[in-house]
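K.L.:
Encoded as structure tokens, here's the structure I'll be asking about.
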Amino acid sequence: MNFDLNDEQKMLGEQASALLADMTPFDRLRSLIDSDAQWDEPLWRKLAEMGFLGVTIPEEHGGLGLGSLDLGVIMEALGGANAAVPFMSSIVLAAEAIRLAGSDAQQAKWLPRLASGETVATFAYAEGPGPVFATDCRYTDGKLNGSKSPVADAQIADIAVVLVEEGSFALVELDQEGITRTRLDSFDQLRPHFRIDFKDAAAEPMPGIGKLDRLIDLAAVQSAFEAVGAAQACLYMARDYANERQIFGRPLSGYQAIKHKLADVAVATELARSNAYYGGWASESSPDDLPGAAAAARLSGIKCFEMAARENLQIHGGIGYTFEANCHFYYRRERMLAVHLGNRGFWADRLLNARPGSQVQGA
């Protein structure tokens, strides 16, 4: 049994990491925040040019037709770079929802555009405080009414897949009358969120029913890969600073307490990476194992990224809390990812429910 990535997957991850290292230096991230940019459009175009947007989109629709592990290595690279692109919204969630639940015509129309980057999509599932995946938004006779909030990347999206009643989806083009998009305050300044209000907005039903659980399990695995990449970046950042910083005539890294902090982060990150790999394997090869694998990957990803982001701040000390330092990019992203797709309690319940004979109320 091989527990490692194959050579092609490793090469894919190296290509993505090299591109992101070149195009997303921290000064670039600061300039995006200072200019109030909602995304890094040049990076998005480059990702499309290199085929990364179509990794899991079928070949007949302009993609590469690869698997979840291939997508995962790209997500890990994006997490490490803290990239300001709508990859999770457009590719991991919306494109996958169209592939799972869309009609043949919807897939033929939108998947090639998503793979090429011509179209950006988002997935609207929340409706403010309350259930994570809410269905008060109504689709009736070709019209969509209600609100979704928060919705990531909604202002730059051309279309949205909207969760409606009975776990079904509606597909709506966002540039039309009857739709209002309002920007919300977001702790992560590189991934803006919005409220979308629908008032008799024209929409199409998506025929696939009962696909929500599989969609969010697949997305949870990819979110874990993103968290692992970001945690690894925090670990390297903290290590490099500890090696350079001199305290009482010796490197900060020479102190045992600092070594223990770095070791704890390294162990948590490797555990989360293993769970993410297992989730990626289950996504393709063992659907029955996917619910438990996805929940385990999601929970360990949240934990390792939280530990890494906080220890990175602690090791940097006071300077780590300034805008001029780079720690805050990851701390902000960690706080956002901790609640995206549901918080720790939501996924803990799903993990318990995945055990044979278990049923947790409220999951």
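Here's how to read the names in the structure tokens: chain A, B, ... by the order shown, residue numbers from 1 in each chain, ligand numbers from 1 in the order shown.
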Could you go through segment 34-155 of chain A and tell me which residues DSSP, when run on the backbone, assigns to strand (DSSP E), listing them as number ranges by chain?

P.N.:
A: 121-124, 138-140, 143-152

K.L.:
To one decimal place, how far is atom CA of Met307 of chain A from atom CA of Ala272 of chain A in Å?

P.N.:
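Between atom CA of Met307 of chain A and atom CA of Ala272 of chain A the gap is 11.7 Å.
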
K.L.:
Could you check the closest approach to Arg28 of chain A for each of A:Ala83, A:Leu215, A:Met206, A:Cys327 and tell me which residue wins, using only C-alpha atoms?

P.N.:
A:Ala83

K.L.:
Leaving out Arg138 of chain A and any residue of its chain fewer than 3 positions from it, which residues lie within 7 Å of it when counting only C-alpha atoms, given as a PyMOL selection string?

P.N.:
chain A and resi 144-146+164-165

K.L.:
What's around Ala101 of chain A at 7 Å? Count only C-alpha atoms, leave out sequence neighbours fewer than 5 positions away in its own chain, and write the answer as JSON, numbers by chain.

P.N.:
{"A": [206, 207, 208, 209, 211]}

K.L.:
Include C-alpha atoms and write out the residues we just selected as a PDB file, in the first residue's frame.

P.N.:
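This went into selection23.pdb:
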```
ATOM      1  CA  MET A 206     -30.702  21.827 -10.855  1.00  0.00           C
ATOM      2  CA  PRO A 207     -32.173  18.337 -11.223  1.00  0.00           C
ATOM      3  CA  GLY A 208     -29.805  16.466  -8.922  1.00  0.00           C
ATOM      4  CA  ILE A 209     -31.347  15.898  -5.489  1.00  0.00           C
ATOM      5  CA  LYS A 211     -26.133  15.772  -3.352  1.00  0.00           C
TER       6      LYS A 211
END
```

K.L.:
Once DSSP has gone over the backbone, tell me which residues of segment 48-256 of chain A are in alpha helix (DSSP H), as a PyMOL selection string.

P.N.:
chain A and resi 48-49+68-81+87+96-101+104-116+212-244+256

K.L.:
Leaving out segment 221-233 of chain A and any residue of its chain fewer than 6 positions from it, which residues lie within 9 Å of it when counting only C-alpha atoms, given as a PyMOL selection string?

P.N.:
chain A and resi 68-69+71-82+88+92+265-266+269-270+272-273+275-280+283+293-302+304-309+330+333-334+337+340-341

K.L.:
Let's have the selection written as a short mmCIF file (atom, residue, chain, number, x, y, z; two decimals), in the first residue's frame, with N, CA and C atoms.

P.N.:
```cif
data_model
loop_
_atom_site.label_atom_id
_atom_site.label_comp_id
_atom_site.auth_asym_id
_atom_site.auth_seq_id
_atom_site.Cartn_x
_atom_site.Cartn_y
_atom_site.Cartn_z
N SER A 68 -9.39 13.96 -6.66
CA SER A 68 -9.38 14.83 -5.48
C SER A 68 -7.98 15.05 -4.92
N LEU A 69 -7.11 14.06 -4.99
CA LEU A 69 -5.75 14.24 -4.51
C LEU A 69 -4.99 15.23 -5.39
N LEU A 71 -6.40 17.72 -7.00
CA LEU A 71 -6.92 19.01 -6.58
C LEU A 71 -6.35 19.41 -5.23
N GLY A 72 -6.15 18.43 -4.36
CA GLY A 72 -5.66 18.71 -3.02
C GLY A 72 -4.27 19.32 -3.01
N VAL A 73 -3.38 18.86 -3.89
CA VAL A 73 -2.03 19.43 -3.88
C VAL A 73 -2.05 20.89 -4.32
N ILE A 74 -3.01 21.24 -5.19
CA ILE A 74 -3.16 22.64 -5.57
C ILE A 74 -3.73 23.45 -4.42
N MET A 75 -4.71 22.89 -3.72
CA MET A 75 -5.28 23.58 -2.57
C MET A 75 -4.23 23.79 -1.48
N GLU A 76 -3.36 22.81 -1.30
CA GLU A 76 -2.31 22.95 -0.30
C GLU A 76 -1.37 24.10 -0.68
N ALA A 77 -1.05 24.21 -1.96
CA ALA A 77 -0.19 25.31 -2.41
C ALA A 77 -0.89 26.65 -2.26
N LEU A 78 -2.18 26.71 -2.55
CA LEU A 78 -2.94 27.95 -2.38
C LEU A 78 -2.99 28.36 -0.92
N GLY A 79 -3.15 27.38 -0.03
CA GLY A 79 -3.16 27.68 1.40
C GLY A 79 -1.83 28.23 1.87
N GLY A 80 -0.74 27.64 1.37
CA GLY A 80 0.57 28.11 1.76
C GLY A 80 0.85 29.53 1.32
N ALA A 81 0.27 29.93 0.19
CA ALA A 81 0.49 31.27 -0.34
C ALA A 81 -0.52 32.29 0.16
N ASN A 82 -1.58 31.81 0.84
CA ASN A 82 -2.64 32.70 1.32
C ASN A 82 -3.25 33.48 0.13
N MET A 88 -11.86 28.13 -3.89
CA MET A 88 -12.79 27.31 -3.12
C MET A 88 -14.23 27.56 -3.58
N VAL A 92 -14.01 24.37 -6.19
CA VAL A 92 -14.25 23.28 -5.24
C VAL A 92 -15.73 23.12 -4.94
N VAL A 265 3.68 21.87 16.46
CA VAL A 265 3.04 22.29 15.21
C VAL A 265 3.36 21.30 14.09
N ALA A 266 4.62 20.86 14.03
CA ALA A 266 5.02 19.92 12.98
C ALA A 266 4.24 18.62 13.08
N THR A 269 0.59 19.16 12.06
CA THR A 269 0.48 19.36 10.61
C THR A 269 0.59 18.05 9.85
N GLU A 270 1.51 17.19 10.27
CA GLU A 270 1.67 15.91 9.59
C GLU A 270 0.45 15.01 9.81
N ALA A 272 -2.62 16.12 10.25
CA ALA A 272 -3.67 16.68 9.40
C ALA A 272 -3.43 16.34 7.94
N ARG A 273 -2.17 16.35 7.53
CA ARG A 273 -1.87 15.99 6.13
C ARG A 273 -2.26 14.53 5.86
N ASN A 275 -4.60 12.81 7.32
CA ASN A 275 -6.06 12.75 7.24
C ASN A 275 -6.57 13.33 5.93
N ALA A 276 -5.92 14.39 5.44
CA ALA A 276 -6.32 14.98 4.16
C ALA A 276 -6.07 14.00 3.02
N TYR A 277 -4.92 13.31 3.06
CA TYR A 277 -4.64 12.30 2.03
C TYR A 277 -5.68 11.19 2.05
N TYR A 278 -6.03 10.76 3.27
CA TYR A 278 -7.04 9.70 3.38
C TYR A 278 -8.39 10.20 2.84
N GLY A 279 -8.73 11.43 3.16
CA GLY A 279 -9.97 11.99 2.63
C GLY A 279 -9.95 12.09 1.11
N GLY A 280 -8.80 12.47 0.55
CA GLY A 280 -8.69 12.53 -0.90
C GLY A 280 -8.83 11.16 -1.54
N SER A 283 -12.49 10.09 -1.32
CA SER A 283 -13.32 10.84 -2.27
C SER A 283 -13.46 10.11 -3.59
N ALA A 293 -14.00 10.18 6.84
CA ALA A 293 -12.70 10.69 6.43
C ALA A 293 -12.73 12.19 6.26
N ALA A 294 -13.80 12.72 5.68
CA ALA A 294 -13.92 14.16 5.47
C ALA A 294 -14.00 14.90 6.80
N ALA A 295 -14.79 14.37 7.74
CA ALA A 295 -14.92 15.03 9.03
C ALA A 295 -13.59 15.00 9.79
N ALA A 296 -12.88 13.87 9.74
CA ALA A 296 -11.58 13.78 10.42
C ALA A 296 -10.58 14.75 9.80
N ALA A 297 -10.58 14.84 8.47
CA ALA A 297 -9.67 15.75 7.78
C ALA A 297 -9.99 17.20 8.13
N ARG A 298 -11.26 17.51 8.13
CA ARG A 298 -11.68 18.88 8.45
C ARG A 298 -11.29 19.26 9.88
N LEU A 299 -11.55 18.38 10.85
CA LEU A 299 -11.26 18.69 12.24
C LEU A 299 -9.76 18.80 12.50
N SER A 300 -8.97 17.88 11.95
CA SER A 300 -7.53 17.96 12.17
C SER A 300 -6.92 19.14 11.43
N GLY A 301 -7.52 19.50 10.27
CA GLY A 301 -7.05 20.68 9.55
C GLY A 301 -7.29 21.96 10.33
N ILE A 302 -8.49 22.10 10.90
CA ILE A 302 -8.80 23.26 11.74
C ILE A 302 -7.82 23.35 12.90
N CYS A 304 -4.75 21.98 13.38
CA CYS A 304 -3.34 22.24 13.09
C CYS A 304 -3.13 23.67 12.62
N PHE A 305 -4.06 24.21 11.84
CA PHE A 305 -3.90 25.57 11.36
C PHE A 305 -4.05 26.57 12.50
N GLU A 306 -4.99 26.32 13.40
CA GLU A 306 -5.14 27.20 14.56
C GLU A 306 -3.87 27.20 15.40
N MET A 307 -3.33 26.02 15.68
CA MET A 307 -2.10 25.93 16.47
C MET A 307 -0.95 26.63 15.77
N ALA A 308 -0.80 26.39 14.48
CA ALA A 308 0.32 26.97 13.74
C ALA A 308 0.23 28.49 13.67
N ALA A 309 -0.97 29.02 13.39
CA ALA A 309 -1.13 30.46 13.27
C ALA A 309 -0.86 31.16 14.60
N TYR A 330 -2.02 34.85 7.88
CA TYR A 330 -2.43 33.48 8.18
C TYR A 330 -3.39 33.41 9.36
N ARG A 333 -6.76 34.29 7.95
CA ARG A 333 -7.29 33.19 7.14
C ARG A 333 -7.71 32.02 8.02
N GLU A 334 -6.95 31.77 9.08
CA GLU A 334 -7.30 30.67 9.98
C GLU A 334 -8.64 30.90 10.65
N LEU A 337 -11.34 30.22 7.97
CA LEU A 337 -11.50 28.80 7.64
C LEU A 337 -12.10 28.00 8.80
N HIS A 340 -15.83 28.41 8.07
CA HIS A 340 -16.30 28.14 6.72
C HIS A 340 -16.75 26.69 6.62
N LEU A 341 -17.91 26.46 6.02
CA LEU A 341 -18.50 25.12 5.89
C LEU A 341 -18.93 24.51 7.21
#
```

K.L.:
Using Å and a single decimal, report how far atom CA of Pro192 of chain A sits from atom CA of Val151 of chain A.

P.N.:
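Atom CA of Val151 of chain A sits 8.5 Å away from atom CA of Pro192 of chain A.
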
K.L.:
Using only C-alpha atoms, can you tell me which of A:Arg45, A:Lys143, A:Lys303, A:Arg183 comes closest to Thr119 of chain A?

P.N.:
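Among A:Arg45, A:Lys143, A:Lys303, A:Arg183, it is A:Arg45 that comes nearest to Thr119 of chain A.
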
K.L.:
At what distance in Å, to one decimal, does atom CA of Gly62 of chain A lie from atom CA of Glu118 of chain A?

P.N.:
12.1 Å

K.L.:
Looking at only C-alpha atoms, which of A:Pro287, A:Gly254, A:Gly210, A:Pro112 is the one that sits closest to Pro58 of chain A?

P.N.:
A:Pro112

K.L.:
For Arg191 of chain A, work out the shell of residues within 10 Å, counting only C-alpha atoms and skipping chain neighbours fewer than 3 positions away, then give it as a list of chain:residue names.

P.N.:
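Skipping anything fewer than 3 positions along the chain leaves A:Ala37, A:Gln38, A:Trp39, A:Asn82, A:Ala83, A:Ala84, A:Val85, A:Pro86, A:Ala152, A:Asp153, A:Ser186, A:Phe187, A:Asp188, A:Arg332, A:Arg333, A:Met336.
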
K.L.:
Can you work out which one of A:Ala348, A:Ala108, A:Leu43, A:Val161 has the shortest atom-to-atom distance to Phe87 of chain A, counting only C-alpha atoms?

P.N.:
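Closest residue, counting only C-alpha atoms: A:Leu43.
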
K.L.:
Determine, counting only C-alpha atoms, which protein, DNA and RNA residues have an atom within 10 Å of an atom of segment 122-131 of chain A; residues of the same chain fewer than 5 positions away are not included. Present the result as a short mmCIF file (atom, residue, chain, number, x, y, z; two decimals) with all heavy atoms, in the first residue's frame.

P.N.:
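Final file, part.cif:
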```cif
data_model
loop_
_atom_site.label_atom_id
_atom_site.label_comp_id
_atom_site.auth_asym_id
_atom_site.auth_seq_id
_atom_site.Cartn_x
_atom_site.Cartn_y
_atom_site.Cartn_z
N PRO A 86 -10.82 33.12 -5.79
CA PRO A 86 -12.05 32.40 -5.40
C PRO A 86 -12.03 30.93 -5.77
O PRO A 86 -13.03 30.39 -6.26
CB PRO A 86 -13.12 33.17 -6.18
CG PRO A 86 -12.42 33.60 -7.43
CD PRO A 86 -11.02 33.92 -7.01
N PHE A 87 -10.91 30.26 -5.53
CA PHE A 87 -10.77 28.87 -5.94
C PHE A 87 -11.75 27.96 -5.20
O PHE A 87 -12.40 27.11 -5.81
CB PHE A 87 -9.33 28.41 -5.71
CG PHE A 87 -8.94 27.19 -6.49
CD1 PHE A 87 -8.27 27.31 -7.70
CD2 PHE A 87 -9.23 25.91 -6.03
CE1 PHE A 87 -7.89 26.19 -8.43
CE2 PHE A 87 -8.87 24.79 -6.75
CZ PHE A 87 -8.20 24.92 -7.95
N MET A 88 -11.86 28.13 -3.89
CA MET A 88 -12.79 27.31 -3.12
C MET A 88 -14.23 27.56 -3.58
O MET A 88 -15.00 26.61 -3.80
CB MET A 88 -12.65 27.62 -1.63
CG MET A 88 -13.70 26.95 -0.74
SD MET A 88 -13.68 25.15 -0.73
CE MET A 88 -12.28 24.83 0.32
N SER A 89 -14.60 28.81 -3.76
CA SER A 89 -15.97 29.14 -4.14
C SER A 89 -16.31 28.63 -5.53
O SER A 89 -17.35 27.99 -5.75
CB SER A 89 -16.18 30.66 -4.10
OG SER A 89 -15.95 31.18 -2.82
N SER A 90 -15.44 28.91 -6.49
CA SER A 90 -15.76 28.67 -7.89
C SER A 90 -15.51 27.24 -8.33
O SER A 90 -16.34 26.65 -9.04
CB SER A 90 -14.94 29.64 -8.77
OG SER A 90 -15.39 29.62 -10.10
N ILE A 91 -14.39 26.67 -7.90
CA ILE A 91 -13.98 25.36 -8.41
C ILE A 91 -14.36 24.23 -7.46
O ILE A 91 -14.98 23.24 -7.87
CB ILE A 91 -12.46 25.34 -8.68
CG1 ILE A 91 -12.08 26.46 -9.65
CG2 ILE A 91 -12.03 23.98 -9.21
CD1 ILE A 91 -12.81 26.42 -10.99
N VAL A 92 -14.01 24.37 -6.19
CA VAL A 92 -14.25 23.28 -5.24
C VAL A 92 -15.73 23.12 -4.94
O VAL A 92 -16.24 21.99 -4.85
CB VAL A 92 -13.46 23.52 -3.94
CG1 VAL A 92 -13.77 22.45 -2.90
CG2 VAL A 92 -11.96 23.56 -4.22
N LEU A 93 -16.45 24.23 -4.80
CA LEU A 93 -17.87 24.16 -4.43
C LEU A 93 -18.81 24.28 -5.63
O LEU A 93 -19.56 23.35 -5.92
CB LEU A 93 -18.18 25.24 -3.39
CG LEU A 93 -17.69 24.94 -1.97
CD1 LEU A 93 -17.72 26.19 -1.10
CD2 LEU A 93 -18.53 23.83 -1.33
N ALA A 94 -18.80 25.41 -6.32
CA ALA A 94 -19.79 25.63 -7.37
C ALA A 94 -19.62 24.67 -8.55
O ALA A 94 -20.60 24.06 -9.02
CB ALA A 94 -19.74 27.08 -7.84
N ALA A 95 -18.40 24.53 -9.06
CA ALA A 95 -18.20 23.64 -10.21
C ALA A 95 -18.54 22.21 -9.85
O ALA A 95 -19.15 21.48 -10.64
CB ALA A 95 -16.76 23.74 -10.69
N ALA A 97 -20.68 21.27 -7.54
CA ALA A 97 -22.13 21.18 -7.41
C ALA A 97 -22.79 21.02 -8.79
O ALA A 97 -23.73 20.23 -8.95
CB ALA A 97 -22.67 22.43 -6.71
N ASP A 136 -34.24 28.40 3.83
CA ASP A 136 -35.41 29.27 3.78
C ASP A 136 -35.52 29.99 2.44
O ASP A 136 -36.58 30.49 2.09
CB ASP A 136 -35.35 30.31 4.91
CG ASP A 136 -35.65 29.68 6.27
OD1 ASP A 136 -36.23 28.58 6.29
OD2 ASP A 136 -35.28 30.28 7.29
N CYS A 137 -34.43 30.09 1.72
CA CYS A 137 -34.45 30.70 0.39
C CYS A 137 -35.30 29.80 -0.52
O CYS A 137 -35.11 28.58 -0.56
CB CYS A 137 -33.02 30.81 -0.15
SG CYS A 137 -32.78 32.06 -1.39
N GLY A 146 -35.46 35.38 -1.31
CA GLY A 146 -34.82 35.15 -0.02
C GLY A 146 -33.45 35.79 0.04
O GLY A 146 -33.09 36.62 -0.82
N SER A 147 -32.66 35.40 1.04
CA SER A 147 -31.33 35.98 1.24
C SER A 147 -30.34 34.88 1.62
O SER A 147 -30.70 33.89 2.25
CB SER A 147 -31.36 37.03 2.35
OG SER A 147 -32.23 38.10 2.02
N LYS A 148 -29.10 35.09 1.25
CA LYS A 148 -28.00 34.23 1.65
C LYS A 148 -26.88 35.09 2.20
O LYS A 148 -26.51 36.10 1.59
CB LYS A 148 -27.49 33.40 0.47
CG LYS A 148 -28.44 32.32 -0.01
CD LYS A 148 -28.55 31.17 0.99
CE LYS A 148 -29.45 30.06 0.47
NZ LYS A 148 -29.55 28.93 1.43
N SER A 149 -26.36 34.70 3.36
CA SER A 149 -25.30 35.49 4.00
C SER A 149 -24.63 34.65 5.09
O SER A 149 -25.33 34.00 5.88
CB SER A 149 -25.90 36.75 4.62
OG SER A 149 -24.95 37.48 5.33
N PRO A 150 -23.30 34.66 5.14
CA PRO A 150 -22.36 35.29 4.21
C PRO A 150 -22.09 34.40 3.00
O PRO A 150 -22.16 33.17 3.10
CB PRO A 150 -21.11 35.46 5.06
CG PRO A 150 -21.17 34.29 6.01
CD PRO A 150 -22.62 34.04 6.30
N VAL A 151 -21.77 35.05 1.89
CA VAL A 151 -21.43 34.34 0.65
C VAL A 151 -20.06 34.82 0.20
O VAL A 151 -19.89 36.02 -0.09
CB VAL A 151 -22.46 34.58 -0.46
CG1 VAL A 151 -22.10 33.76 -1.69
CG2 VAL A 151 -23.87 34.25 0.02
N ALA A 152 -19.09 33.93 0.15
CA ALA A 152 -17.73 34.31 -0.23
C ALA A 152 -17.67 34.67 -1.70
O ALA A 152 -18.31 34.02 -2.55
CB ALA A 152 -16.76 33.16 0.06
N ASP A 153 -16.93 35.72 -2.02
CA ASP A 153 -16.59 36.11 -3.39
C ASP A 153 -17.82 36.45 -4.25
O ASP A 153 -17.75 36.39 -5.48
CB ASP A 153 -15.80 34.99 -4.07
CG ASP A 153 -14.61 34.54 -3.26
OD1 ASP A 153 -13.77 35.40 -2.93
OD2 ASP A 153 -14.51 33.33 -2.94
N ALA A 154 -18.91 36.85 -3.62
CA ALA A 154 -20.15 37.06 -4.37
C ALA A 154 -20.07 38.22 -5.35
O ALA A 154 -20.70 38.20 -6.41
CB ALA A 154 -21.32 37.27 -3.41
N GLN A 155 -19.31 39.27 -5.02
CA GLN A 155 -19.28 40.45 -5.87
C GLN A 155 -18.57 40.19 -7.19
O GLN A 155 -18.92 40.77 -8.22
CB GLN A 155 -18.59 41.62 -5.14
CG GLN A 155 -18.70 42.96 -5.85
CD GLN A 155 -20.13 43.45 -6.01
OE1 GLN A 155 -20.97 43.25 -5.13
NE2 GLN A 155 -20.43 44.05 -7.15
N ILE A 156 -17.58 39.30 -7.18
CA ILE A 156 -16.85 39.02 -8.42
C ILE A 156 -17.43 37.82 -9.16
O ILE A 156 -17.01 37.52 -10.28
CB ILE A 156 -15.36 38.76 -8.12
CG1 ILE A 156 -15.19 37.55 -7.20
CG2 ILE A 156 -14.70 39.99 -7.53
CD1 ILE A 156 -13.74 37.16 -6.97
N ALA A 157 -18.40 37.14 -8.57
CA ALA A 157 -18.98 35.95 -9.20
C ALA A 157 -19.99 36.34 -10.27
O ALA A 157 -20.74 37.31 -10.13
CB ALA A 157 -19.64 35.07 -8.14
N ASP A 158 -20.01 35.56 -11.34
CA ASP A 158 -20.99 35.75 -12.41
C ASP A 158 -22.25 34.92 -12.17
O ASP A 158 -23.34 35.33 -12.55
CB ASP A 158 -20.37 35.33 -13.75
CG ASP A 158 -19.09 36.09 -14.05
OD1 ASP A 158 -19.16 37.31 -14.26
OD2 ASP A 158 -18.01 35.46 -14.06
N ILE A 159 -22.08 33.77 -11.55
CA ILE A 159 -23.20 32.88 -11.25
C ILE A 159 -23.07 32.38 -9.82
O ILE A 159 -22.00 32.41 -9.22
CB ILE A 159 -23.29 31.69 -12.22
CG1 ILE A 159 -22.04 30.81 -12.10
CG2 ILE A 159 -23.49 32.16 -13.65
CD1 ILE A 159 -22.12 29.50 -12.89
N ALA A 160 -24.19 31.90 -9.30
CA ALA A 160 -24.20 31.30 -7.96
C ALA A 160 -25.02 30.03 -7.99
O ALA A 160 -26.07 29.96 -8.64
CB ALA A 160 -24.76 32.26 -6.93
N VAL A 161 -24.53 29.01 -7.31
CA VAL A 161 -25.33 27.83 -7.00
C VAL A 161 -25.91 28.07 -5.61
O VAL A 161 -25.17 28.27 -4.64
CB VAL A 161 -24.47 26.55 -7.02
CG1 VAL A 161 -25.31 25.35 -6.57
CG2 VAL A 161 -23.89 26.31 -8.40
N VAL A 162 -27.23 28.09 -5.51
CA VAL A 162 -27.92 28.48 -4.28
C VAL A 162 -28.63 27.27 -3.69
O VAL A 162 -29.40 26.60 -4.37
CB VAL A 162 -28.93 29.62 -4.56
CG1 VAL A 162 -29.62 30.05 -3.27
CG2 VAL A 162 -28.23 30.81 -5.22
N LEU A 163 -28.36 27.03 -2.43
CA LEU A 163 -29.06 25.96 -1.71
C LEU A 163 -30.47 26.43 -1.38
O LEU A 163 -30.67 27.47 -0.77
CB LEU A 163 -28.31 25.63 -0.42
CG LEU A 163 -28.93 24.57 0.49
CD1 LEU A 163 -28.98 23.21 -0.20
CD2 LEU A 163 -28.14 24.46 1.80
N VAL A 164 -31.46 25.65 -1.81
CA VAL A 164 -32.86 26.00 -1.55
C VAL A 164 -33.53 24.84 -0.81
O VAL A 164 -32.86 24.00 -0.23
CB VAL A 164 -33.59 26.35 -2.87
CG1 VAL A 164 -33.05 27.65 -3.43
CG2 VAL A 164 -33.46 25.24 -3.91
N PHE A 169 -30.68 22.51 -5.36
CA PHE A 169 -29.94 23.69 -5.75
C PHE A 169 -30.64 24.42 -6.88
O PHE A 169 -31.31 23.81 -7.72
CB PHE A 169 -28.53 23.32 -6.23
CG PHE A 169 -27.72 22.52 -5.25
CD1 PHE A 169 -27.14 21.31 -5.64
CD2 PHE A 169 -27.53 22.95 -3.96
CE1 PHE A 169 -26.38 20.56 -4.76
CE2 PHE A 169 -26.78 22.22 -3.06
CZ PHE A 169 -26.21 21.02 -3.46
N ALA A 170 -30.44 25.74 -6.91
CA ALA A 170 -30.87 26.56 -8.04
C ALA A 170 -29.65 27.29 -8.59
O ALA A 170 -28.76 27.70 -7.83
CB ALA A 170 -31.93 27.57 -7.60
N LEU A 171 -29.60 27.45 -9.89
CA LEU A 171 -28.49 28.12 -10.55
C LEU A 171 -28.97 29.49 -11.03
O LEU A 171 -29.97 29.59 -11.75
CB LEU A 171 -28.03 27.28 -11.74
CG LEU A 171 -26.79 27.74 -12.50
CD1 LEU A 171 -25.56 27.79 -11.59
CD2 LEU A 171 -26.52 26.81 -13.68
N PHE A 194 -20.23 38.53 1.35
CA PHE A 194 -21.33 39.40 0.99
C PHE A 194 -22.67 38.80 1.43
O PHE A 194 -22.77 37.59 1.68
CB PHE A 194 -21.37 39.63 -0.54
CG PHE A 194 -20.14 40.31 -1.08
CD1 PHE A 194 -18.97 39.59 -1.30
CD2 PHE A 194 -20.15 41.67 -1.34
CE1 PHE A 194 -17.83 40.22 -1.78
CE2 PHE A 194 -19.02 42.30 -1.83
CZ PHE A 194 -17.86 41.57 -2.05
N ARG A 195 -23.65 39.66 1.47
CA ARG A 195 -25.04 39.23 1.60
C ARG A 195 -25.68 39.38 0.22
O ARG A 195 -25.50 40.40 -0.46
CB ARG A 195 -25.78 40.11 2.61
CG ARG A 195 -27.29 39.84 2.69
CD ARG A 195 -27.99 40.89 3.54
NE ARG A 195 -29.44 40.75 3.48
CZ ARG A 195 -30.17 40.11 4.39
NH1 ARG A 195 -29.57 39.59 5.45
NH2 ARG A 195 -31.48 40.03 4.26
N ILE A 196 -26.40 38.34 -0.21
CA ILE A 196 -27.13 38.40 -1.48
C ILE A 196 -28.62 38.33 -1.19
O ILE A 196 -29.08 37.40 -0.52
CB ILE A 196 -26.75 37.26 -2.43
CG1 ILE A 196 -25.24 37.14 -2.61
CG2 ILE A 196 -27.41 37.47 -3.79
CD1 ILE A 196 -24.83 36.01 -3.55
N HIS A 340 -15.83 28.41 8.07
CA HIS A 340 -16.30 28.14 6.72
C HIS A 340 -16.75 26.69 6.62
O HIS A 340 -16.08 25.79 7.12
CB HIS A 340 -15.15 28.41 5.74
CG HIS A 340 -15.51 28.15 4.30
ND1 HIS A 340 -16.47 28.88 3.64
CD2 HIS A 340 -15.02 27.26 3.41
CE1 HIS A 340 -16.56 28.45 2.40
NE2 HIS A 340 -15.70 27.46 2.24
N LEU A 341 -17.91 26.46 6.02
CA LEU A 341 -18.50 25.12 5.89
C LEU A 341 -18.93 24.51 7.21
O LEU A 341 -19.20 23.31 7.29
CB LEU A 341 -17.51 24.15 5.21
CG LEU A 341 -17.14 24.44 3.76
CD1 LEU A 341 -16.09 23.43 3.28
CD2 LEU A 341 -18.35 24.39 2.84
N GLY A 342 -19.03 25.32 8.25
CA GLY A 342 -19.44 24.80 9.55
C GLY A 342 -18.28 24.75 10.52
O GLY A 342 -17.14 24.48 10.14
N PHE A 346 -19.99 21.34 14.48
CA PHE A 346 -20.74 20.77 13.37
C PHE A 346 -20.03 19.54 12.81
O PHE A 346 -20.64 18.48 12.59
CB PHE A 346 -20.92 21.83 12.28
CG PHE A 346 -21.56 21.34 11.01
CD1 PHE A 346 -22.94 21.28 10.90
CD2 PHE A 346 -20.78 20.96 9.94
CE1 PHE A 346 -23.53 20.83 9.72
CE2 PHE A 346 -21.36 20.50 8.76
CZ PHE A 346 -22.75 20.44 8.66
N GLY A 362 -28.81 16.95 16.03
CA GLY A 362 -28.40 18.32 15.72
C GLY A 362 -27.30 18.41 14.70
O GLY A 362 -26.81 19.49 14.39
N ALA A 363 -26.83 17.30 14.16
CA ALA A 363 -25.76 17.34 13.16
C ALA A 363 -26.27 17.72 11.81
O ALA A 363 -25.52 18.14 10.97
CB ALA A 363 -25.08 15.98 13.07
#
```

K.L.:
Can you work out which one of A:Gly292, A:Pro251, A:Pro205, A:Gly345 has the shortest atom-to-atom distance to Gly102 of chain A, counting only C-alpha atoms?

P.N.:
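Among the listed residues, A:Pro205 lies closest to Gly102 of chain A.
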
K.L.:
Smallest atom-to-atom distance to Arg350 of chain A: which of A:Pro25, A:Gly249, A:Pro291, A:Pro42, using only C-alpha atoms?

P.N.:
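Once distances to Arg350 of chain A are computed over only C-alpha atoms, the minimum belongs to A:Pro291.
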